[in-house]
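Working notes, beginning with the structure itself.
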Amino acid sequence: MRKYAFIPLVLVACTGSTKNISEELPHICYGVIDTLGPQSTRTCVTFSSITALDSTILALDCPAGIVTLYNYNDSCISEFGRTGSGPGELDWPSSICATTDSTVFISDFQGISRFDIDGHWLGRPIEYLNNPMFDLQSLNCSTFVAYKHDIYTTEAGTLLDWTISEYSVQGQQHTIFVSDSITIDYLDATEILNRSLFSHAFCSGRYRFFVFDRNEEHYHIDCLDCSDSLLYSIERDTPIIAKNEDELQMEADNIESWLRGSGESDVMEYVYEPRPWREPVKEMWVTDDGEELWVQRGDLDGFMFDIYSTTDGSLIRTSEARIDTSGLWDVSFFIADPDRVYAILEDDDTNQMLVRLAPAE
């Protein structure tokens with residue numbers, strides 16, 4: 001697994017300069033302005049993954065296997081996709097991304113499918129069984145980044161190999177940014193998840209790859225280029241905040257329920273022990289133009305974002321999303337650009353709503 005030496009600076013840019021993030025910077029508050037709906041009459045929509053391509057937003061509904069396209073004004077302009085295992089069909093798709101050459105990639109339990117922006121199927125450059133790629137991210141005009149894992153048995157036991165790598169349009173693996181191989185016990189959910197699927201947060205765009213190690217307590221993000229060279233690191237002095245008992249129990253219950261559902265059985269008793277601290281970095285996005293890195297802080301109550309220049313990692317401003325969470329059990333985000341900030345609101349009955357936010361007056 002990739003390891004970097006800790007550099008005791010608040011922020012390290014590729015020029016070697018440092019910046020004091022306590023300087024007075026612009027702070028923008030966002031509020032809900034609009035709700036986006038599907039084109040069809042589906043009464044239950046699950047927004048499992050969202051991506052942006054120029055002025056278009058593509059939202060993936062996992063159970064329905066449908067991609068909904070919205071224009072810059074949030075009008076639904078088209079839909080494509082259907083469930084199934086045949087050519088062009090999607091079997092429980094997990095993630096979507098779009099490269100700047102207008103190629104759309106979707107991961108499901110069959111592999112990676114390619115579509116054009118009009119929804120025409122262009123083949124399946126990567127095929128596999130039961131181990132889907134997760135969290136696809138566009139890297140440049142014709143490559144994407146994906147997390148992938150493989151489980152196999154050897155004389156030494158059952159091994160799990162996983163990578164976060166760059167792939168070409170044809171499915172060839174290029175740069176490996178992060179990887180690890182571990183011996184697993186199927187019932188040891190904590191070890192498996194925290195060292196693989198839950199090990200890193202990452203995002204990419206316009207030839208930059210950003211990664212945060214979730215097993216670290218400190219706010220530290222590395223920026224790499226397409227050759228896996230470290231360009232700069234972003235560090236921020238944030239407090240380490242312990243999760244309370246309710247947070248720990250809710251996280252454990254959600255993960256264990258997900259594991260039982262993934263295994264299609266209520267027989268196996270999975271036990272998951274969440275990390276005891278709040279992760280300083282919850283999620284990251286590179287804007288569609290490749291100019292900004294948005295980082296959602298995870299160590300605070302509320303929804304706070306730090307926005308950095310992707311060129312050198314300098315902090316540009318901070319932002320805050322003000323959302324009434326009454327009746328909600330989960331809020332997640334997708335950032336296309338400063339003018340297109342989206343939130344997925346999910347209530348206690350797992351009903352979801354996609355909303356757009358705008359700077360508040």
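By order of appearance in the structure tokens: chains A, B, ..., then residues from 1 within every chain, and ligands from 1 in the order shown.
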Would you mind writing down, as a PyMOL selection string, each residue of stretch 156-361 of chain A that DSSP on the backbone assigns to strand (DSSP E)?
chain A and resi 157-168+173-183+200-205+208-213+219-224+230-236+281-286+292-297+303-309+315-321+328-337+340-347+352-359
Tell me, counting only C-alpha atoms, for each residue of stretch 96-207 of chain A within 12 Å of stretch 212-223 of chain A, which pair of atoms is nearest and how far apart they are in Å to one decimal, in rows ordered by chain and increasing number, as JSON lines.
```
{"residue": "A:Phe177", "atom": "CA", "partner": "A:Cys223", "partner_atom": "CA", "distance": 10.6}
{"residue": "A:Val178", "atom": "CA", "partner": "A:Asp213", "partner_atom": "CA", "distance": 10.1}
{"residue": "A:Ser179", "atom": "CA", "partner": "A:Asp213", "partner_atom": "CA", "distance": 11.9}
{"residue": "A:Thr190", "atom": "CA", "partner": "A:Asn215", "partner_atom": "CA", "distance": 11.7}
{"residue": "A:Glu191", "atom": "CA", "partner": "A:Asn215", "partner_atom": "CA", "distance": 11.2}
{"residue": "A:Leu193", "atom": "CA", "partner": "A:Asn215", "partner_atom": "CA", "distance": 10.9}
{"residue": "A:Asn194", "atom": "CA", "partner": "A:Asn215", "partner_atom": "CA", "distance": 7.2}
{"residue": "A:Arg195", "atom": "CA", "partner": "A:Asn215", "partner_atom": "CA", "distance": 8.1}
{"residue": "A:Ser196", "atom": "CA", "partner": "A:Arg214", "partner_atom": "CA", "distance": 10.3}
{"residue": "A:Leu197", "atom": "CA", "partner": "A:Arg214", "partner_atom": "CA", "distance": 10.3}
{"residue": "A:Phe198", "atom": "CA", "partner": "A:Arg214", "partner_atom": "CA", "distance": 7.1}
{"residue": "A:Ser199", "atom": "CA", "partner": "A:Arg214", "partner_atom": "CA", "distance": 5.3}
{"residue": "A:His200", "atom": "CA", "partner": "A:Asp213", "partner_atom": "CA", "distance": 4.6}
{"residue": "A:Ala201", "atom": "CA", "partner": "A:Phe212", "partner_atom": "CA", "distance": 5.2}
{"residue": "A:Phe202", "atom": "CA", "partner": "A:Phe212", "partner_atom": "CA", "distance": 6.3}
{"residue": "A:Cys203", "atom": "CA", "partner": "A:Phe212", "partner_atom": "CA", "distance": 9.3}
{"residue": "A:Ser204", "atom": "CA", "partner": "A:Cys223", "partner_atom": "CA", "distance": 9.2}
{"residue": "A:Gly205", "atom": "CA", "partner": "A:Cys223", "partner_atom": "CA", "distance": 11.0}
{"residue": "A:Tyr207", "atom": "CA", "partner": "A:Cys223", "partner_atom": "CA", "distance": 10.2}
```
Could you please write out, as a ChimeraX atom specification, every residue of stretch 57-299 of chain A that DSSP assigns to alpha helix (DSSP H)? /A:189-194,245-262
If you count only C-alpha atoms, which residues fall within 12 Å of A:Glu269, apart from same-chain ones fewer than 5 positions away, as a list of chain:residue names?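 Residues near the query, excluding close chain neighbours: A:Tyr186, A:Leu187, A:Asp188, A:Ala189, A:Asp253, A:Ile255, A:Glu256, A:Ser257, A:Trp258, A:Leu259, A:Arg260, A:Gly261, A:Gly263.
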Okay, now the selection with N, CA and C atoms, as a PDB file, in the first residue's frame?
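Output below, filename again_36.pdb:
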```
ATOM      1  N   TYR A 186     -14.072 -14.247   6.064  1.00  0.00           N
ATOM      2  CA  TYR A 186     -15.325 -13.709   5.538  1.00  0.00           C
ATOM      3  C   TYR A 186     -16.180 -13.039   6.612  1.00  0.00           C
ATOM      4  N   LEU A 187     -16.049 -13.473   7.857  1.00  0.00           N
ATOM      5  CA  LEU A 187     -16.871 -12.894   8.913  1.00  0.00           C
ATOM      6  C   LEU A 187     -16.223 -11.687   9.568  1.00  0.00           C
ATOM      7  N   ASP A 188     -14.963 -11.417   9.241  1.00  0.00           N
ATOM      8  CA  ASP A 188     -14.280 -10.266   9.831  1.00  0.00           C
ATOM      9  C   ASP A 188     -14.542  -9.045   8.966  1.00  0.00           C
ATOM     10  N   ALA A 189     -15.750  -8.511   9.075  1.00  0.00           N
ATOM     11  CA  ALA A 189     -16.151  -7.396   8.217  1.00  0.00           C
ATOM     12  C   ALA A 189     -15.301  -6.162   8.454  1.00  0.00           C
ATOM     13  N   ASP A 253     -25.005  -0.755  12.442  1.00  0.00           N
ATOM     14  CA  ASP A 253     -26.260  -1.366  11.988  1.00  0.00           C
ATOM     15  C   ASP A 253     -26.421  -1.257  10.477  1.00  0.00           C
ATOM     16  N   ILE A 255     -24.061  -0.872   8.111  1.00  0.00           N
ATOM     17  CA  ILE A 255     -23.096  -1.695   7.381  1.00  0.00           C
ATOM     18  C   ILE A 255     -23.447  -3.173   7.490  1.00  0.00           C
ATOM     19  N   GLU A 256     -23.818  -3.628   8.673  1.00  0.00           N
ATOM     20  CA  GLU A 256     -24.158  -5.042   8.840  1.00  0.00           C
ATOM     21  C   GLU A 256     -25.406  -5.413   8.043  1.00  0.00           C
ATOM     22  N   SER A 257     -26.377  -4.498   7.987  1.00  0.00           N
ATOM     23  CA  SER A 257     -27.571  -4.737   7.177  1.00  0.00           C
ATOM     24  C   SER A 257     -27.218  -4.813   5.697  1.00  0.00           C
ATOM     25  N   TRP A 258     -26.340  -3.918   5.240  1.00  0.00           N
ATOM     26  CA  TRP A 258     -25.885  -3.926   3.844  1.00  0.00           C
ATOM     27  C   TRP A 258     -25.150  -5.218   3.513  1.00  0.00           C
ATOM     28  N   LEU A 259     -24.311  -5.696   4.431  1.00  0.00           N
ATOM     29  CA  LEU A 259     -23.571  -6.932   4.198  1.00  0.00           C
ATOM     30  C   LEU A 259     -24.520  -8.128   4.097  1.00  0.00           C
ATOM     31  N   ARG A 260     -25.513  -8.190   4.960  1.00  0.00           N
ATOM     32  CA  ARG A 260     -26.472  -9.291   4.896  1.00  0.00           C
ATOM     33  C   ARG A 260     -27.250  -9.242   3.576  1.00  0.00           C
ATOM     34  N   GLY A 261     -27.610  -8.037   3.139  1.00  0.00           N
ATOM     35  CA  GLY A 261     -28.319  -7.894   1.875  1.00  0.00           C
ATOM     36  C   GLY A 261     -27.458  -8.266   0.694  1.00  0.00           C
ATOM     37  N   GLY A 263     -25.071 -10.416   0.690  1.00  0.00           N
ATOM     38  CA  GLY A 263     -24.907 -11.866   0.681  1.00  0.00           C
ATOM     39  C   GLY A 263     -26.195 -12.618   0.460  1.00  0.00           C
TER      40      GLY A 263
END
```
Spatial neighbours of stretch 318-330 of chain A, max dist 6 Å, only C-alpha atoms, sep filter under 5 positions, as a PyMOL selection string | chain A and resi 27-31+303-307+346-348
Set the distance at 6 Å and use only C-alpha atoms: which residues neighbour stretch 159-176 of chain A once local chain neighbours fewer than 4 positions away are removed? I'd like the list as a ChimeraX atom specification.
/A:125-126,142-152,180-184
Can you tell me which residues surround stretch 290-299 of chain A at a distance of at most 8 Å, considering only C-alpha atoms, apart from same-chain residues fewer than 6 positions away, and format the answer as a list of chain:residue names?
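Result of the neighbour search: A:Gly205, A:Arg206, A:Thr238, A:Pro239, A:Ile240, A:Ile241, A:Arg278, A:Glu279, A:Pro280, A:Val281, A:Lys282, A:Glu283, A:Met284, A:Phe305, A:Asp306, A:Ile307, A:Tyr308, A:Ser309, A:Thr310, A:Thr311, A:Ile335.
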Counting only C-alpha atoms, closest pick from A:Asp185, A:Asp101, A:Asp74, A:Asp116 relative to A:Gly88 is A:Asp116
Would you mind listing what lies within 12 Å of A:Gln110 as a list of chain:residue names, with only C-alpha atoms counted and same-chain residues fewer than 5 positions away left out?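 Close residues of A:Gln110: A:Thr83, A:Gly84, A:Ser85, A:Gly86, A:Pro87, A:Gly88, A:Glu89, A:Leu90, A:Asp91, A:Trp92, A:Pro93, A:Ser94, A:Gly123, A:Arg124, A:Pro125, A:Ile126, A:Glu127, A:Tyr128, A:Leu129, A:Asn130, A:Asn131, A:Pro132, A:Met133.
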Closest of A:Leu345, A:Glu273, A:Thr35, A:Ser233 to A:Met250, counting only C-alpha atoms, is A:Glu273
Considering only C-alpha atoms, state which residue in the set A:Leu224, A:Ala336, A:Leu122, A:Tyr232 is at the smallest distance from A:Tyr72.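 For A:Tyr72, the nearest of the candidates is A:Ala336.
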